[in-house]
$ cat run-v6.cif   # mmCIF, C-alpha atoms; chains and numbers go by the auth columns
data_input
#
loop_
_atom_site.group_PDB
_atom_site.id
_atom_site.type_symbol
_atom_site.label_atom_id
_atom_site.label_comp_id
_atom_site.label_asym_id
_atom_site.label_seq_id
_atom_site.Cartn_x
_atom_site.Cartn_y
_atom_site.Cartn_z
_atom_site.B_iso_or_equiv
_atom_site.auth_seq_id
_atom_site.auth_asym_id
ATOM 1 C CA MET A 1 0.000 0.000 0.000 0.00 6 A
ATOM 2 C CA SER A 2 1.387 3.392 -0.962 0.00 7 A
ATOM 3 C CA ARG A 3 1.961 6.014 1.717 0.00 8 A
ATOM 4 C CA ASP A 4 1.782 9.787 1.664 0.00 9 A
ATOM 5 C CA ARG A 5 5.146 11.470 1.096 0.00 10 A
ATOM 6 C CA ILE A 6 6.454 14.284 3.311 0.00 11 A
ATOM 7 C CA ALA A 7 9.484 16.448 2.559 0.00 12 A
ATOM 8 C CA LEU A 8 11.105 18.455 5.367 0.00 13 A
ATOM 9 C CA ILE A 9 13.129 21.633 4.694 0.00 14 A
ATOM 10 C CA HIS A 10 15.264 23.013 7.575 0.00 15 A
ATOM 11 C CA GLY A 11 16.043 26.596 8.588 0.00 16 A
ATOM 12 C CA VAL A 12 19.095 28.776 7.942 0.00 17 A
ATOM 13 C CA GLY A 13 22.358 27.506 9.446 0.00 18 A
ATOM 14 C CA LEU A 14 20.792 24.154 10.358 0.00 19 A
ATOM 15 C CA ASP A 15 20.674 20.841 8.501 0.00 20 A
ATOM 16 C CA GLY A 16 18.588 17.709 8.149 0.00 21 A
ATOM 17 C CA SER A 17 19.584 16.521 11.627 0.00 22 A
ATOM 18 C CA MET A 18 17.193 19.061 13.223 0.00 23 A
ATOM 19 C CA TRP A 19 14.290 16.831 12.131 0.00 24 A
ATOM 20 C CA GLY A 20 15.528 13.762 14.068 0.00 25 A
ATOM 21 C CA PRO A 21 13.136 14.066 17.037 0.00 26 A
ATOM 22 C CA LEU A 22 10.123 14.806 14.786 0.00 27 A
ATOM 23 C CA ARG A 23 10.842 11.992 12.335 0.00 28 A
ATOM 24 C CA GLU A 24 10.407 9.401 15.085 0.00 29 A
ATOM 25 C CA PHE A 25 6.732 10.384 15.232 0.00 30 A
ATOM 26 C CA LEU A 26 6.191 10.617 11.444 0.00 31 A
ATOM 27 C CA GLU A 27 8.120 7.721 9.946 0.00 32 A
ATOM 28 C CA PRO A 28 5.899 4.855 11.048 0.00 33 A
ATOM 29 C CA GLU A 29 3.112 6.351 8.923 0.00 34 A
ATOM 30 C CA TYR A 30 4.732 8.397 6.142 0.00 35 A
ATOM 31 C CA ASP A 31 7.561 8.274 3.623 0.00 36 A
ATOM 32 C CA VAL A 32 9.753 11.095 4.923 0.00 37 A
ATOM 33 C CA GLN A 33 12.326 12.862 2.745 0.00 38 A
ATOM 34 C CA VAL A 34 14.772 15.277 4.395 0.00 39 A
ATOM 35 C CA LEU A 35 16.033 17.950 1.995 0.00 40 A
ATOM 36 C CA GLU A 36 19.081 20.105 2.717 0.00 41 A
ATOM 37 C CA LEU A 37 19.488 23.566 1.217 0.00 42 A
ATOM 38 C CA PRO A 38 22.656 24.729 -0.585 0.00 43 A
ATOM 39 C CA GLY A 39 25.351 25.667 1.929 0.00 44 A
ATOM 40 C CA HIS A 40 23.924 23.317 4.572 0.00 45 A
ATOM 41 C CA GLY A 41 24.701 19.745 5.645 0.00 46 A
ATOM 42 C CA ARG A 42 26.511 17.937 2.858 0.00 47 A
ATOM 43 C CA ARG A 43 25.446 20.332 0.090 0.00 48 A
ATOM 44 C CA PRO A 44 27.833 22.631 -1.832 0.00 49 A
ATOM 45 C CA GLN A 45 28.190 26.193 -0.503 0.00 50 A
ATOM 46 C CA ALA A 46 25.528 28.765 -1.321 0.00 51 A
ATOM 47 C CA PRO A 47 26.914 31.528 -3.555 0.00 52 A
ATOM 48 C CA VAL A 48 26.907 35.157 -2.430 0.00 53 A
ATOM 49 C CA GLY A 49 23.701 36.758 -3.739 0.00 54 A
ATOM 50 C CA VAL A 50 21.734 33.474 -3.837 0.00 55 A
ATOM 51 C CA THR A 51 17.976 34.130 -4.168 0.00 56 A
ATOM 52 C CA LEU A 52 14.846 32.506 -2.789 0.00 57 A
ATOM 53 C CA ALA A 53 13.947 31.363 -6.321 0.00 58 A
ATOM 54 C CA GLU A 54 17.345 29.648 -6.652 0.00 59 A
ATOM 55 C CA LEU A 55 16.986 27.875 -3.309 0.00 60 A
ATOM 56 C CA ALA A 56 13.494 26.714 -4.353 0.00 61 A
ATOM 57 C CA ALA A 57 14.709 25.518 -7.775 0.00 62 A
ATOM 58 C CA ASP A 58 17.424 23.482 -6.066 0.00 63 A
ATOM 59 C CA VAL A 59 14.821 21.755 -3.861 0.00 64 A
ATOM 60 C CA ALA A 60 12.416 21.241 -6.805 0.00 65 A
ATOM 61 C CA GLU A 61 15.017 19.070 -8.568 0.00 66 A
ATOM 62 C CA ARG A 62 14.830 16.556 -5.700 0.00 67 A
ATOM 63 C CA LEU A 63 11.074 16.629 -4.981 0.00 68 A
ATOM 64 C CA GLU A 64 8.633 14.060 -6.288 0.00 69 A
ATOM 65 C CA PRO A 65 5.193 15.249 -7.404 0.00 70 A
ATOM 66 C CA ASP A 66 2.384 15.259 -4.861 0.00 71 A
ATOM 67 C CA THR A 67 4.564 15.626 -1.746 0.00 72 A
ATOM 68 C CA HIS A 68 3.390 17.232 1.502 0.00 73 A
ATOM 69 C CA LEU A 69 5.913 20.015 2.031 0.00 74 A
ATOM 70 C CA VAL A 70 6.964 21.103 5.538 0.00 75 A
ATOM 71 C CA GLY A 71 9.290 24.110 5.724 0.00 76 A
ATOM 72 C CA PHE A 72 10.831 25.510 8.887 0.00 77 A
ATOM 73 C CA SER A 73 11.828 29.200 9.124 0.00 78 A
ATOM 74 C CA LEU A 74 13.878 29.903 5.933 0.00 79 A
ATOM 75 C CA GLY A 75 12.646 26.493 4.729 0.00 80 A
ATOM 76 C CA ALA A 76 9.061 27.761 5.073 0.00 81 A
ATOM 77 C CA LEU A 77 9.781 30.636 2.657 0.00 82 A
ATOM 78 C CA VAL A 78 11.296 28.102 0.225 0.00 83 A
ATOM 79 C CA ALA A 79 8.232 25.849 0.632 0.00 84 A
ATOM 80 C CA GLN A 80 5.883 28.805 0.001 0.00 85 A
ATOM 81 C CA HIS A 81 7.776 29.632 -3.198 0.00 86 A
ATOM 82 C CA LEU A 82 7.412 26.016 -4.372 0.00 87 A
ATOM 83 C CA ALA A 83 3.705 25.918 -3.463 0.00 88 A
ATOM 84 C CA ARG A 84 3.208 29.063 -5.547 0.00 89 A
ATOM 85 C CA PHE A 85 5.343 28.263 -8.591 0.00 90 A
ATOM 86 C CA ARG A 86 5.532 24.439 -8.606 0.00 91 A
ATOM 87 C CA PRO A 87 2.107 23.337 -7.307 0.00 92 A
ATOM 88 C CA ASP A 88 2.513 20.117 -9.343 0.00 93 A
ATOM 89 C CA LEU A 89 5.077 19.009 -6.743 0.00 94 A
ATOM 90 C CA VAL A 90 3.173 20.092 -3.636 0.00 95 A
ATOM 91 C CA ALA A 91 0.236 18.135 -2.200 0.00 96 A
ATOM 92 C CA SER A 92 0.012 20.538 0.742 0.00 97 A
ATOM 93 C CA LEU A 93 2.088 23.213 2.453 0.00 98 A
ATOM 94 C CA VAL A 94 2.922 23.537 6.157 0.00 99 A
ATOM 95 C CA SER A 95 4.921 26.582 7.245 0.00 100 A
ATOM 96 C CA VAL A 96 6.544 25.952 10.643 0.00 101 A
ATOM 97 C CA GLY A 97 7.874 28.987 12.522 0.00 102 A
ATOM 98 C CA SER A 98 7.583 31.133 9.417 0.00 103 A
ATOM 99 C CA VAL A 99 8.059 34.867 9.101 0.00 104 A
ATOM 100 C CA CYS A 100 5.547 36.738 6.967 0.00 105 A
ATOM 101 C CA ALA A 101 5.473 40.289 5.573 0.00 106 A
ATOM 102 C CA ARG A 102 7.642 41.731 8.358 0.00 107 A
ATOM 103 C CA THR A 103 6.676 45.183 9.614 0.00 108 A
ATOM 104 C CA SER A 104 9.350 47.900 9.377 0.00 109 A
ATOM 105 C CA GLU A 105 10.268 47.229 13.037 0.00 110 A
ATOM 106 C CA GLU A 106 10.495 43.460 12.458 0.00 111 A
ATOM 107 C CA HIS A 107 12.578 44.060 9.332 0.00 112 A
ATOM 108 C CA ALA A 108 14.938 46.403 11.211 0.00 113 A
ATOM 109 C CA ALA A 109 15.392 43.780 13.969 0.00 114 A
ATOM 110 C CA VAL A 110 16.363 41.004 11.536 0.00 115 A
ATOM 111 C CA MET A 111 18.714 43.299 9.583 0.00 116 A
ATOM 112 C CA LEU A 112 20.436 44.051 12.884 0.00 117 A
ATOM 113 C CA ARG A 113 20.877 40.296 13.460 0.00 118 A
ATOM 114 C CA LEU A 114 22.300 39.964 9.931 0.00 119 A
ATOM 115 C CA ALA A 115 24.791 42.766 10.640 0.00 120 A
ATOM 116 C CA SER A 116 25.798 41.055 13.920 0.00 121 A
ATOM 117 C CA ALA A 117 26.367 37.787 12.051 0.00 122 A
ATOM 118 C CA GLU A 118 28.608 39.601 9.564 0.00 123 A
ATOM 119 C CA SER A 119 30.742 41.102 12.330 0.00 124 A
ATOM 120 C CA ASP A 120 30.881 38.192 14.832 0.00 125 A
ATOM 121 C CA PHE A 121 29.610 34.835 13.592 0.00 126 A
ATOM 122 C CA PRO A 122 30.339 32.783 16.781 0.00 127 A
ATOM 123 C CA ALA A 123 28.491 35.360 18.923 0.00 128 A
ATOM 124 C CA THR A 124 25.497 35.064 16.586 0.00 129 A
ATOM 125 C CA VAL A 125 25.473 31.299 17.126 0.00 130 A
ATOM 126 C CA GLU A 126 25.406 31.753 20.912 0.00 131 A
ATOM 127 C CA ALA A 127 22.638 34.367 20.637 0.00 132 A
ATOM 128 C CA SER A 128 20.562 31.894 18.592 0.00 133 A
ATOM 129 C CA ILE A 129 21.126 29.129 21.153 0.00 134 A
ATOM 130 C CA ARG A 130 20.008 31.449 23.979 0.00 135 A
ATOM 131 C CA ARG A 131 16.927 32.523 22.019 0.00 136 A
ATOM 132 C CA TRP A 132 15.925 28.978 21.057 0.00 137 A
ATOM 133 C CA TYR A 133 16.874 27.136 24.250 0.00 138 A
ATOM 134 C CA PRO A 134 16.730 29.577 27.175 0.00 139 A
ATOM 135 C CA GLY A 135 17.880 28.567 30.655 0.00 140 A
ATOM 136 C CA GLY A 136 15.435 26.102 32.135 0.00 141 A
ATOM 137 C CA SER A 137 14.505 24.722 28.685 0.00 142 A
ATOM 138 C CA ALA A 138 13.305 21.106 28.807 0.00 143 A
ATOM 139 C CA VAL A 139 15.370 20.246 25.711 0.00 144 A
ATOM 140 C CA PRO A 140 18.097 17.697 26.600 0.00 145 A
ATOM 141 C CA ALA A 141 21.606 19.221 26.789 0.00 146 A
ATOM 142 C CA GLU A 142 22.929 16.895 24.067 0.00 147 A
ATOM 143 C CA LEU A 143 20.332 18.189 21.585 0.00 148 A
ATOM 144 C CA VAL A 144 21.234 21.803 22.438 0.00 149 A
ATOM 145 C CA GLU A 145 24.909 20.941 21.916 0.00 150 A
ATOM 146 C CA ALA A 146 24.116 19.206 18.607 0.00 151 A
ATOM 147 C CA THR A 147 22.360 22.370 17.368 0.00 152 A
ATOM 148 C CA ARG A 148 25.348 24.499 18.444 0.00 153 A
ATOM 149 C CA GLU A 149 27.784 22.209 16.585 0.00 154 A
ATOM 150 C CA VAL A 150 25.729 22.340 13.379 0.00 155 A
ATOM 151 C CA LEU A 151 25.549 26.147 13.524 0.00 156 A
ATOM 152 C CA LEU A 152 29.281 26.539 14.203 0.00 157 A
ATOM 153 C CA SER A 153 30.187 24.214 11.317 0.00 158 A
ATOM 154 C CA ASN A 154 28.674 26.644 8.762 0.00 159 A
ATOM 155 C CA ASP A 155 30.889 28.446 6.299 0.00 160 A
ATOM 156 C CA PRO A 156 30.174 32.042 7.414 0.00 161 A
ATOM 157 C CA LYS A 157 29.982 33.430 3.834 0.00 162 A
ATOM 158 C CA SER A 158 27.515 30.773 2.755 0.00 163 A
ATOM 159 C CA PHE A 159 25.516 31.213 5.987 0.00 164 A
ATOM 160 C CA LEU A 160 25.303 34.982 5.428 0.00 165 A
ATOM 161 C CA ALA A 161 24.138 34.498 1.822 0.00 166 A
ATOM 162 C CA CYS A 162 21.245 32.310 3.041 0.00 167 A
ATOM 163 C CA TYR A 163 20.548 34.499 6.082 0.00 168 A
ATOM 164 C CA ARG A 164 20.131 37.465 3.755 0.00 169 A
ATOM 165 C CA VAL A 165 17.416 35.517 1.895 0.00 170 A
ATOM 166 C CA PHE A 166 15.726 34.755 5.242 0.00 171 A
ATOM 167 C CA ALA A 167 15.958 38.439 6.234 0.00 172 A
ATOM 168 C CA THR A 168 14.553 39.879 2.995 0.00 173 A
ATOM 169 C CA ALA A 169 12.589 37.287 0.971 0.00 174 A
ATOM 170 C CA ASP A 170 9.407 37.503 3.078 0.00 175 A
ATOM 171 C CA ALA A 171 8.836 40.882 1.384 0.00 176 A
ATOM 172 C CA GLU A 172 9.381 39.276 -2.029 0.00 177 A
ATOM 173 C CA ILE A 173 7.027 36.297 -1.493 0.00 178 A
ATOM 174 C CA ALA A 174 4.302 38.347 0.250 0.00 179 A
ATOM 175 C CA ALA A 175 2.671 39.437 -3.027 0.00 180 A
ATOM 176 C CA GLU A 176 2.587 35.805 -4.244 0.00 181 A
ATOM 177 C CA LEU A 177 0.901 34.302 -1.161 0.00 182 A
ATOM 178 C CA PRO A 178 -2.678 35.072 -2.310 0.00 183 A
ATOM 179 C CA LEU A 179 -1.957 33.051 -5.482 0.00 184 A
ATOM 180 C CA ILE A 180 -1.086 29.817 -3.630 0.00 185 A
ATOM 181 C CA THR A 181 -3.758 27.209 -4.352 0.00 186 A
ATOM 182 C CA VAL A 182 -2.574 24.127 -2.431 0.00 187 A
ATOM 183 C CA PRO A 183 -4.037 23.293 1.016 0.00 188 A
ATOM 184 C CA SER A 184 -1.970 25.237 3.563 0.00 189 A
ATOM 185 C CA HIS A 185 -1.386 25.442 7.307 0.00 190 A
ATOM 186 C CA ALA A 186 0.894 27.637 9.430 0.00 191 A
ATOM 187 C CA VAL A 187 2.078 26.689 12.914 0.00 192 A
ATOM 188 C CA THR A 188 4.340 28.532 15.308 0.00 193 A
ATOM 189 C CA GLY A 189 5.335 28.595 18.964 0.00 194 A
ATOM 190 C CA GLU A 190 3.518 30.888 21.371 0.00 195 A
ATOM 191 C CA LEU A 191 6.849 32.258 22.675 0.00 196 A
ATOM 192 C CA ASP A 192 8.693 32.583 19.348 0.00 197 A
ATOM 193 C CA PRO A 193 9.997 36.183 19.251 0.00 198 A
ATOM 194 C CA GLY A 194 11.121 36.134 15.599 0.00 199 A
ATOM 195 C CA SER A 195 8.365 34.097 13.898 0.00 200 A
ATOM 196 C CA THR A 196 5.492 35.231 16.051 0.00 201 A
ATOM 197 C CA PRO A 197 1.918 33.899 16.285 0.00 202 A
ATOM 198 C CA GLU A 198 0.935 37.228 14.713 0.00 203 A
ATOM 199 C CA MET A 199 3.049 36.331 11.653 0.00 204 A
ATOM 200 C CA SER A 200 1.335 32.941 11.320 0.00 205 A
ATOM 201 C CA ALA A 201 -2.024 34.709 11.501 0.00 206 A
ATOM 202 C CA ARG A 202 -0.760 37.090 8.768 0.00 207 A
ATOM 203 C CA LEU A 203 0.272 34.094 6.646 0.00 208 A
ATOM 204 C CA ALA A 204 -3.101 32.404 7.147 0.00 209 A
ATOM 205 C CA ALA A 205 -4.866 35.624 6.123 0.00 210 A
ATOM 206 C CA ALA A 206 -2.727 35.946 2.972 0.00 211 A
ATOM 207 C CA ILE A 207 -2.968 32.360 1.620 0.00 212 A
ATOM 208 C CA PRO A 208 -6.508 31.409 0.522 0.00 213 A
ATOM 209 C CA GLY A 209 -8.018 28.829 2.888 0.00 214 A
ATOM 210 C CA CYS A 210 -4.877 28.616 5.022 0.00 215 A
ATOM 211 C CA THR A 211 -5.421 27.586 8.640 0.00 216 A
ATOM 212 C CA TYR A 212 -3.031 28.237 11.505 0.00 217 A
ATOM 213 C CA SER A 213 -2.265 26.982 14.983 0.00 218 A
ATOM 214 C CA VAL A 214 -0.046 27.987 17.887 0.00 219 A
ATOM 215 C CA ILE A 215 1.755 25.511 20.174 0.00 220 A
ATOM 216 C CA SER A 216 1.454 26.969 23.654 0.00 221 A
ATOM 217 C CA GLY A 217 4.650 27.537 25.601 0.00 222 A
ATOM 218 C CA ALA A 218 6.834 26.614 22.598 0.00 223 A
ATOM 219 C CA ARG A 219 9.675 28.675 21.142 0.00 224 A
ATOM 220 C CA HIS A 220 11.213 28.607 17.638 0.00 225 A
ATOM 221 C CA MET A 221 12.752 25.125 17.531 0.00 226 A
ATOM 222 C CA MET A 222 9.468 23.241 17.829 0.00 227 A
ATOM 223 C CA PRO A 223 10.710 20.203 15.851 0.00 228 A
ATOM 224 C CA VAL A 224 13.312 19.673 18.626 0.00 229 A
ATOM 225 C CA GLU A 225 11.507 21.168 21.605 0.00 230 A
ATOM 226 C CA ARG A 226 7.964 19.822 21.051 0.00 231 A
ATOM 227 C CA PRO A 227 8.184 17.100 18.380 0.00 232 A
ATOM 228 C CA GLN A 228 5.159 15.118 19.583 0.00 233 A
ATOM 229 C CA GLU A 229 2.793 18.118 19.493 0.00 234 A
ATOM 230 C CA LEU A 230 4.142 19.288 16.156 0.00 235 A
ATOM 231 C CA ALA A 231 3.750 15.774 14.712 0.00 236 A
ATOM 232 C CA ASN A 232 0.141 15.671 15.949 0.00 237 A
ATOM 233 C CA THR A 233 -0.548 18.998 14.209 0.00 238 A
ATOM 234 C CA LEU A 234 1.058 17.823 10.973 0.00 239 A
ATOM 235 C CA THR A 235 -0.620 14.402 10.854 0.00 240 A
ATOM 236 C CA ALA A 236 -4.068 15.882 11.549 0.00 241 A
ATOM 237 C CA PHE A 237 -3.571 18.281 8.623 0.00 242 A
ATOM 238 C CA PHE A 238 -2.127 15.647 6.255 0.00 243 A
ATOM 239 C CA LYS A 239 -4.954 13.206 6.989 0.00 244 A
ATOM 240 C CA GLU A 240 -7.400 15.883 5.913 0.00 245 A
ATOM 241 C CA HIS A 241 -5.513 16.331 2.637 0.00 246 A
ATOM 242 C CA SER A 242 -4.282 12.802 1.959 0.00 247 A
ATOM 243 C CA HIS A 243 -4.010 11.659 -1.662 0.00 248 A
ATOM 244 C CA VAL A 244 -3.635 7.996 -0.724 0.00 249 A
ATOM 245 C CA HIS A 245 -6.749 5.853 -0.816 0.00 250 A
#
$ encode --input "run-v6.cif" --output "structure tokens"
Amino acid sequence: MSRDRIALIHGVGLDGSMWGPLREFLEPEYDVQVLELPGHGRRPQAPVGVTLAELAADVAERLEPDTHLVGFSLGALVAQHLARFRPDLVASLVSVGSVCARTSEEHAAVMLRLASAESDFPATVEASIRRWYPGGSAVPAELVEATREVLLSNDPKSFLACYRVFATADAEIAAELPLITVPSHAVTGELDPGSTPEMSARLAAAIPGCTYSVISGARHMMPVERPQELANTLTAFFKEHSHVH
């Protein structure tokens, strides 16, 4: 019996390993494909000036038609681009911890983070770790350390090229969101300061028929921090839009 296919696209500076905790809850039921973006994991470096369209085209080459697409953070912007321009490949779209049409204040804040990354990359990594896994976080220390190691292993130039896409491409994709026709859902953490519940509501308002949900008490790294709840959200949505009979 055939099974629904899911493809997972990570965020900037991360790699396919971030999906480990979530996959345990998805793989008994689904065929799960983990896709790494240029400049991440084992992929060749991302060139300076890389665009959202180029990142999406790179993913499209490895996607099979009719795949449920789950994008996290930068990966969500890539997934939205694919849902808009390659709907033949996308059975449904889930944007996890996605930014959307940043306000001028939100844009200024992320440009400041980009400037910090340009001037002191290791400090940026530590700032991310503190933001994602604050003191008292229930995430096991070895998972926090694994995230830190992945971030530190980035080539800074390649990281900055992709971070610039993350910092600016929400403005570029915003006008295309109303033209997305695939079933869509947005989910974020209640306590995510960068990809706020307000942004998921914005995304749901922009994409026709898009629903959204908020995981209470969760921060940005929901696939690591709250994999069971995120898996429940995803499977409920996929079941509604399954193409397997």
$ residues_around --input "run-v6.cif" --residues "range 224-241 of chain A" --least-positions-apart "6" --cutoff "9 Å" --atoms "all atoms listed in the file" --output "ChimeraX atom specification"
/A:23-31,75,77-78,99,101-102,136-138,142-145,148,190,192-201,218
$ write_last_selection --input "run-v6.cif" --atoms "C-alpha atoms" --output "mmCIF file, in the frame of the given file"
data_model
loop_
_atom_site.group_PDB
_atom_site.id
_atom_site.type_symbol
_atom_site.label_atom_id
_atom_site.label_comp_id
_atom_site.auth_asym_id
_atom_site.auth_seq_id
_atom_site.Cartn_x
_atom_site.Cartn_y
_atom_site.Cartn_z
ATOM 1 C CA MET A 23 17.193 19.061 13.223
ATOM 2 C CA TRP A 24 14.290 16.831 12.131
ATOM 3 C CA GLY A 25 15.528 13.762 14.068
ATOM 4 C CA PRO A 26 13.136 14.066 17.037
ATOM 5 C CA LEU A 27 10.123 14.806 14.786
ATOM 6 C CA ARG A 28 10.842 11.992 12.335
ATOM 7 C CA GLU A 29 10.407 9.401 15.085
ATOM 8 C CA PHE A 30 6.732 10.384 15.232
ATOM 9 C CA LEU A 31 6.191 10.617 11.444
ATOM 10 C CA VAL A 75 6.964 21.103 5.538
ATOM 11 C CA PHE A 77 10.831 25.510 8.887
ATOM 12 C CA SER A 78 11.828 29.200 9.124
ATOM 13 C CA VAL A 99 2.922 23.537 6.157
ATOM 14 C CA VAL A 101 6.544 25.952 10.643
ATOM 15 C CA GLY A 102 7.874 28.987 12.522
ATOM 16 C CA ARG A 136 16.927 32.523 22.019
ATOM 17 C CA TRP A 137 15.925 28.978 21.057
ATOM 18 C CA TYR A 138 16.874 27.136 24.250
ATOM 19 C CA SER A 142 14.505 24.722 28.685
ATOM 20 C CA ALA A 143 13.305 21.106 28.807
ATOM 21 C CA VAL A 144 15.370 20.246 25.711
ATOM 22 C CA PRO A 145 18.097 17.697 26.600
ATOM 23 C CA LEU A 148 20.332 18.189 21.585
ATOM 24 C CA HIS A 190 -1.386 25.442 7.307
ATOM 25 C CA VAL A 192 2.078 26.689 12.914
ATOM 26 C CA THR A 193 4.340 28.532 15.308
ATOM 27 C CA GLY A 194 5.335 28.595 18.964
ATOM 28 C CA GLU A 195 3.518 30.888 21.371
ATOM 29 C CA LEU A 196 6.849 32.258 22.675
ATOM 30 C CA ASP A 197 8.693 32.583 19.348
ATOM 31 C CA PRO A 198 9.997 36.183 19.251
ATOM 32 C CA GLY A 199 11.121 36.134 15.599
ATOM 33 C CA SER A 200 8.365 34.097 13.898
ATOM 34 C CA THR A 201 5.492 35.231 16.051
ATOM 35 C CA SER A 218 -2.265 26.982 14.983
#
$ residues_around --input "run-v6.cif" --residues "range 115-128 of chain A" --least-positions-apart "6" --cutoff "12 Å" --atoms "only C-alpha atoms" --output "CSV table (one decimal) with C-alpha atoms, in the frame of the given file"
chain,number,residue,atom,x,y,z
A,17,VAL,CA,19.1,28.8,7.9
A,18,GLY,CA,22.4,27.5,9.4
A,104,VAL,CA,8.1,34.9,9.1
A,107,ARG,CA,7.6,41.7,8.4
A,108,THR,CA,6.7,45.2,9.6
A,109,SER,CA,9.4,47.9,9.4
A,134,ILE,CA,21.1,29.1,21.2
A,135,ARG,CA,20.0,31.4,24.0
A,153,ARG,CA,25.3,24.5,18.4
A,154,GLU,CA,27.8,22.2,16.6
A,155,VAL,CA,25.7,22.3,13.4
A,156,LEU,CA,25.5,26.1,13.5
A,157,LEU,CA,29.3,26.5,14.2
A,158,SER,CA,30.2,24.2,11.3
A,159,ASN,CA,28.7,26.6,8.8
A,160,ASP,CA,30.9,28.4,6.3
A,161,PRO,CA,30.2,32.0,7.4
A,162,LYS,CA,30.0,33.4,3.8
A,163,SER,CA,27.5,30.8,2.8
A,164,PHE,CA,25.5,31.2,6.0
A,165,LEU,CA,25.3,35.0,5.4
A,166,ALA,CA,24.1,34.5,1.8
A,167,CYS,CA,21.2,32.3,3.0
A,168,TYR,CA,20.5,34.5,6.1
A,169,ARG,CA,20.1,37.5,3.8
A,170,VAL,CA,17.4,35.5,1.9
A,171,PHE,CA,15.7,34.8,5.2
A,172,ALA,CA,16.0,38.4,6.2
A,173,THR,CA,14.6,39.9,3.0
A,174,ALA,CA,12.6,37.3,1.0
A,175,ASP,CA,9.4,37.5,3.1
A,198,PRO,CA,10.0,36.2,19.3
A,199,GLY,CA,11.1,36.1,15.6
A,200,SER,CA,8.4,34.1,13.9
$ atom_distance --input "run-v6.cif" --atom1 "CA of Ala223 in chain A" --atom2 "CA of Ser133 in chain A"
15.2 Å
$ closest_residue --input "run-v6.cif" --among "A:Ala180, A:Val55, A:Leu98, A:Cys105" --to "Gln85 in chain A" --atoms "all atoms listed in the file"
A:Leu98
$ closest_residue --input "run-v6.cif" --among "A:Thr129, A:Thr216, A:Ser103, A:Thr186" --to "Pro202 in chain A" --atoms "all atoms listed in the file"
A:Ser103
$ resolve_selection --input "run-v6.cif" --expression "the PyMOL selection byres ((chain A and resi 42) around 10)" --output "count of residues only"
27
$ residues_around --input "run-v6.cif" --residues "range 245-247 of chain A" --least-positions-apart "2" --cutoff "9 Å" --atoms "only C-alpha atoms" --output "compact mmCIF listing (two decimals) with C-alpha atoms, keeping the file's coordinate frame"
# COMPACT_ATOMS: atom_id res chain seq x y z
CA ASP A 9 1.78 9.79 1.66
CA HIS A 73 3.39 17.23 1.50
CA ALA A 96 0.24 18.14 -2.20
CA SER A 97 0.01 20.54 0.74
CA PRO A 188 -4.04 23.29 1.02
CA THR A 240 -0.62 14.40 10.85
CA ALA A 241 -4.07 15.88 11.55
CA PHE A 242 -3.57 18.28 8.62
CA PHE A 243 -2.13 15.65 6.26
CA VAL A 249 -3.64 8.00 -0.72
CA HIS A 250 -6.75 5.85 -0.82
